[in-house]
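Asker: Data file final_8.cif (mmCIF, C-alpha atoms) is appended below.
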data_work
loop_
_atom_site.group_PDB
_atom_site.id
_atom_site.type_symbol
_atom_site.label_atom_id
_atom_site.label_comp_id
_atom_site.auth_asym_id
_atom_site.auth_seq_id
_atom_site.Cartn_x
_atom_site.Cartn_y
_atom_site.Cartn_z
ATOM 1 C CA MET A 1 72.811 67.410 -159.745
ATOM 2 C CA PHE A 2 74.340 67.821 -163.193
ATOM 3 C CA HIS A 3 75.992 64.589 -164.132
ATOM 4 C CA ASP A 4 75.325 63.274 -167.603
ATOM 5 C CA ARG A 5 76.385 64.430 -171.026
ATOM 6 C CA SER A 6 73.147 66.170 -171.904
ATOM 7 C CA PRO A 7 73.161 69.974 -171.808
ATOM 8 C CA ILE A 8 72.700 71.467 -168.348
ATOM 9 C CA TYR A 9 69.570 73.382 -169.393
ATOM 10 C CA LEU A 10 67.926 70.064 -170.334
ATOM 11 C CA GLN A 11 68.971 68.564 -167.010
ATOM 12 C CA ILE A 12 67.395 71.574 -165.271
ATOM 13 C CA ALA A 13 64.140 71.071 -167.172
ATOM 14 C CA ASP A 14 64.147 67.326 -166.461
ATOM 15 C CA GLY A 15 64.842 67.927 -162.773
ATOM 16 C CA ILE A 16 61.883 70.278 -162.449
ATOM 17 C CA LYS A 17 59.685 67.826 -164.356
ATOM 18 C CA ASN A 18 60.736 65.063 -161.944
ATOM 19 C CA ASP A 19 59.948 67.318 -158.978
ATOM 20 C CA ILE A 20 56.464 67.839 -160.416
ATOM 21 C CA LEU A 21 55.936 64.122 -161.021
ATOM 22 C CA THR A 22 57.051 63.193 -157.499
ATOM 23 C CA GLY A 23 54.865 65.877 -155.948
ATOM 24 C CA SER A 24 57.730 67.994 -154.627
ATOM 25 C CA LEU A 25 56.285 70.743 -156.807
ATOM 26 C CA ARG A 26 52.516 70.923 -157.076
ATOM 27 C CA GLU A 27 50.099 72.741 -159.356
ATOM 28 C CA ASP A 28 50.456 76.519 -159.028
ATOM 29 C CA ASP A 29 53.546 76.232 -156.785
ATOM 30 C CA GLN A 30 56.107 78.939 -157.392
ATOM 31 C CA VAL A 31 59.512 77.720 -158.538
ATOM 32 C CA MET A 32 62.817 79.382 -157.747
ATOM 33 C CA SER A 33 63.691 82.300 -159.983
ATOM 34 C CA THR A 34 66.320 81.702 -162.628
ATOM 35 C CA ASN A 35 68.768 83.839 -160.640
ATOM 36 C CA GLN A 36 68.091 81.917 -157.431
ATOM 37 C CA TYR A 37 68.448 78.651 -159.334
ATOM 38 C CA ALA A 38 71.717 79.793 -160.914
ATOM 39 C CA ALA A 39 73.137 80.930 -157.582
ATOM 40 C CA PHE A 40 72.058 77.762 -155.764
ATOM 41 C CA TYR A 41 73.571 75.416 -158.377
ATOM 42 C CA ARG A 42 76.442 77.745 -159.304
ATOM 43 C CA ILE A 43 75.626 77.880 -162.981
ATOM 44 C CA ASN A 44 75.254 80.675 -165.502
ATOM 45 C CA PRO A 45 71.876 82.433 -165.143
ATOM 46 C CA ALA A 46 71.415 82.244 -168.924
ATOM 47 C CA THR A 47 71.648 78.438 -168.712
ATOM 48 C CA ALA A 48 68.987 78.340 -166.013
ATOM 49 C CA ALA A 49 66.829 80.747 -168.030
ATOM 50 C CA LYS A 50 67.088 78.489 -171.079
ATOM 51 C CA GLY A 51 65.841 75.499 -169.079
ATOM 52 C CA PHE A 52 62.965 77.509 -167.636
ATOM 53 C CA ALA A 53 62.071 78.911 -171.068
ATOM 54 C CA GLN A 54 61.793 75.377 -172.413
ATOM 55 C CA LEU A 55 59.385 74.490 -169.620
ATOM 56 C CA VAL A 56 57.291 77.577 -170.362
ATOM 57 C CA ASP A 57 57.250 76.658 -174.070
ATOM 58 C CA GLU A 58 56.104 73.134 -173.171
ATOM 59 C CA GLY A 59 53.349 74.476 -170.930
ATOM 60 C CA VAL A 60 54.873 72.982 -167.776
ATOM 61 C CA LEU A 61 55.479 76.386 -166.163
ATOM 62 C CA TYR A 62 53.717 79.700 -166.580
ATOM 63 C CA LYS A 63 54.869 83.255 -165.814
ATOM 64 C CA ARG A 64 53.137 85.816 -163.675
ATOM 65 C CA ARG A 65 54.631 89.170 -164.542
ATOM 66 C CA GLY A 66 56.511 90.697 -161.645
ATOM 67 C CA ILE A 67 55.902 87.683 -159.416
ATOM 68 C CA GLY A 68 57.676 84.677 -160.906
ATOM 69 C CA MET A 69 57.133 81.304 -162.514
ATOM 70 C CA PHE A 70 54.671 78.695 -161.374
ATOM 71 C CA VAL A 71 53.771 75.079 -162.119
ATOM 72 C CA SER A 72 50.953 74.930 -164.664
ATOM 73 C CA PRO A 73 47.727 73.401 -163.331
ATOM 74 C CA ASP A 74 47.753 70.675 -165.974
ATOM 75 C CA ALA A 75 51.502 69.952 -165.755
ATOM 76 C CA PRO A 76 51.364 66.821 -163.543
ATOM 77 C CA GLY A 77 48.804 65.067 -165.742
ATOM 78 C CA LYS A 78 50.502 66.160 -168.942
ATOM 79 C CA LEU A 79 53.932 65.007 -167.752
ATOM 80 C CA ARG A 80 52.559 61.706 -166.466
ATOM 81 C CA SER A 81 50.888 61.051 -169.820
ATOM 82 C CA GLU A 82 54.075 61.878 -171.752
ATOM 83 C CA ARG A 83 56.178 59.659 -169.477
ATOM 84 C CA ARG A 84 53.740 56.775 -169.797
ATOM 85 C CA GLN A 85 53.846 56.994 -173.593
ATOM 86 C CA ARG A 86 57.640 57.142 -173.541
ATOM 87 C CA PHE A 87 57.805 54.228 -171.085
ATOM 88 C CA PHE A 88 55.765 51.995 -173.359
ATOM 89 C CA ALA A 89 57.698 53.043 -176.477
ATOM 90 C CA GLU A 90 61.197 52.891 -174.981
ATOM 91 C CA VAL A 91 60.873 50.137 -172.378
ATOM 92 C CA VAL A 92 57.869 47.889 -172.890
ATOM 93 C CA GLU A 93 57.917 47.538 -176.676
ATOM 94 C CA PRO A 94 61.642 46.628 -176.838
ATOM 95 C CA MET A 95 61.124 44.219 -173.918
ATOM 96 C CA LEU A 96 58.246 42.518 -175.723
ATOM 97 C CA ASP A 97 60.312 42.274 -178.899
ATOM 98 C CA GLU A 98 63.165 40.633 -176.986
ATOM 99 C CA ALA A 99 60.771 38.328 -175.130
ATOM 100 C CA LYS A 100 59.348 37.177 -178.449
ATOM 101 C CA ARG A 101 62.846 36.477 -179.783
ATOM 102 C CA VAL A 102 63.686 34.270 -176.798
ATOM 103 C CA GLY A 103 60.301 32.549 -176.621
ATOM 104 C CA ILE A 104 58.722 34.257 -173.630
ATOM 105 C CA GLY A 105 54.987 34.788 -173.996
ATOM 106 C CA VAL A 106 52.947 37.692 -172.702
ATOM 107 C CA ASP A 107 51.249 35.411 -170.149
ATOM 108 C CA GLU A 108 54.616 34.436 -168.698
ATOM 109 C CA ILE A 109 55.626 38.098 -168.461
ATOM 110 C CA THR A 110 52.317 38.940 -166.776
ATOM 111 C CA ASP A 111 52.757 36.095 -164.272
ATOM 112 C CA TYR A 112 56.288 37.241 -163.522
ATOM 113 C CA LEU A 113 55.218 40.830 -162.968
ATOM 114 C CA GLY A 114 52.324 39.719 -160.770
ATOM 115 C CA SER A 115 54.714 37.744 -158.549
ATOM 116 C CA ARG A 116 56.955 40.797 -158.080
ATOM 117 C CA ARG A 117 54.336 42.915 -156.288
#
Please re-express this file's structure in structure tokens.
Answerer:
Amino acid sequence: MFHDRSPIYLQIADGIKNDILTGSLREDDQVMSTNQYAAFYRINPATAAKGFAQLVDEGVLYKRRGIGMFVSPDAPGKLRSERRQRFFAEVVEPMLDEAKRVGIGVDEITDYLGSRR
């Protein structure tokens, strides 16, 4: 699971976010405890806790004292919105800039995308 150069706690947070976006984790679903997560992936519990804490700070997870952590009811919509914004900023805008440089118009891009469905 942990493969790139970003810190493991960020990879943990991103993995849980992806599970929410794909529907593997739904609103109000309980997630593994940090200790279970650490044991399963054979990582330091403090690293897992740091990833979970980030998700709590972002409002993706919430804590229920004595019970565990759960997916926030608004997490799927919030994450989808953030990803869409990032997609347009990091993928679409640079693509449009490059298309303009090489003489490809928006209509041609639209036609191409329509033919790929």
Asker: Taking into account all atoms listed in the file, which residue in the set A:Asp97, A:Glu82, A:Asp107, A:Asp29 is nearest to Ile67 (chain A)?
Answerer: A:Asp29
Asker: Give me the residues within 8 Å of region 38-49 of chain A as number ranges by chain, counting all atoms listed in the file and dropping any in the same chain fewer than 3 places off.
Answerer: A: 8-9, 12, 34-35, 52-53
Asker: Calculate, to one decimal in Å, the centre and edge lengths of the box along x, y and z of the file that holds all listed atoms of region 21-30 of chain A with 3 Å of margin on each side, and present them as AutoDock Vina command-line options.
Answerer:
--center_x 53.9 --center_y 71.1 --center_z -157.8 --size_x 13.6 --size_y 21.7 --size_z 12.4
Asker: CA of Lys17 (chain A) and CA of Arg117 (chain A) are how many Å apart?
Answerer: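 If I compute the distance from CA of Lys17 (chain A) to CA of Arg117 (chain A), I get 26.7 Å.
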Asker: Decode the PyMOL selection byres ((chain A and resi 27) around 9) for the given file into explicit residues and return them as a VMD selection string.
Answerer: chain A and resid 20 25 to 26 28 to 30 70 to 76
Asker: So the first atom is CA of Glu90 (chain A) and the second is CA of Ser115 (chain A); what is the distance between them in Å, to one decimal place?
Answerer: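 Between these atoms lies a distance of 23.3 Å.
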Asker: Expressed in Å to a single decimal, how great is the separation between CA of Gly15 (chain A) and CA of Lys63 (chain A)?
Answerer: 18.5 Å
Asker: Taking only C-alpha atoms into account, which of A:Leu55, A:Ala99, A:Val106, A:Leu79 comes nearest Ala13 (chain A)?
Answerer: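 Checking each of A:Leu55, A:Ala99, A:Val106, A:Leu79 against Ala13 (chain A), counting only C-alpha atoms, the winner is A:Leu55.
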Asker: From the list A:Glu108, A:Arg84, A:Gln36, A:Ile16, which residue is nearest Leu61 (chain A) when using all atoms listed in the file?
Answerer: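 Looking at the shortest contact to Leu61 (chain A), the residue is A:Ile16.
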Asker: Could you pull the residues within 9 Å of Met32 (chain A), counting only C-alpha atoms, minus those fewer than 5 positions along the same chain, as a list in words?
Answerer: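 My list of contacting residues is Tyr37, Gly68, Met69 and Phe70 of chain A.
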Asker: A:Ser33, A:Thr110, A:Ser81, A:Thr22: which is nearest Gly51 (chain A), counting only C-alpha atoms?
Answerer: A:Ser33
Asker: Looking at A:Val31, A:Gln54, A:Asp111, A:Ser24, which one is nearest to Gln11 (chain A), with distances taken over all atoms listed in the file?
Answerer: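 The closest residue to Gln11 (chain A) is A:Gln54.
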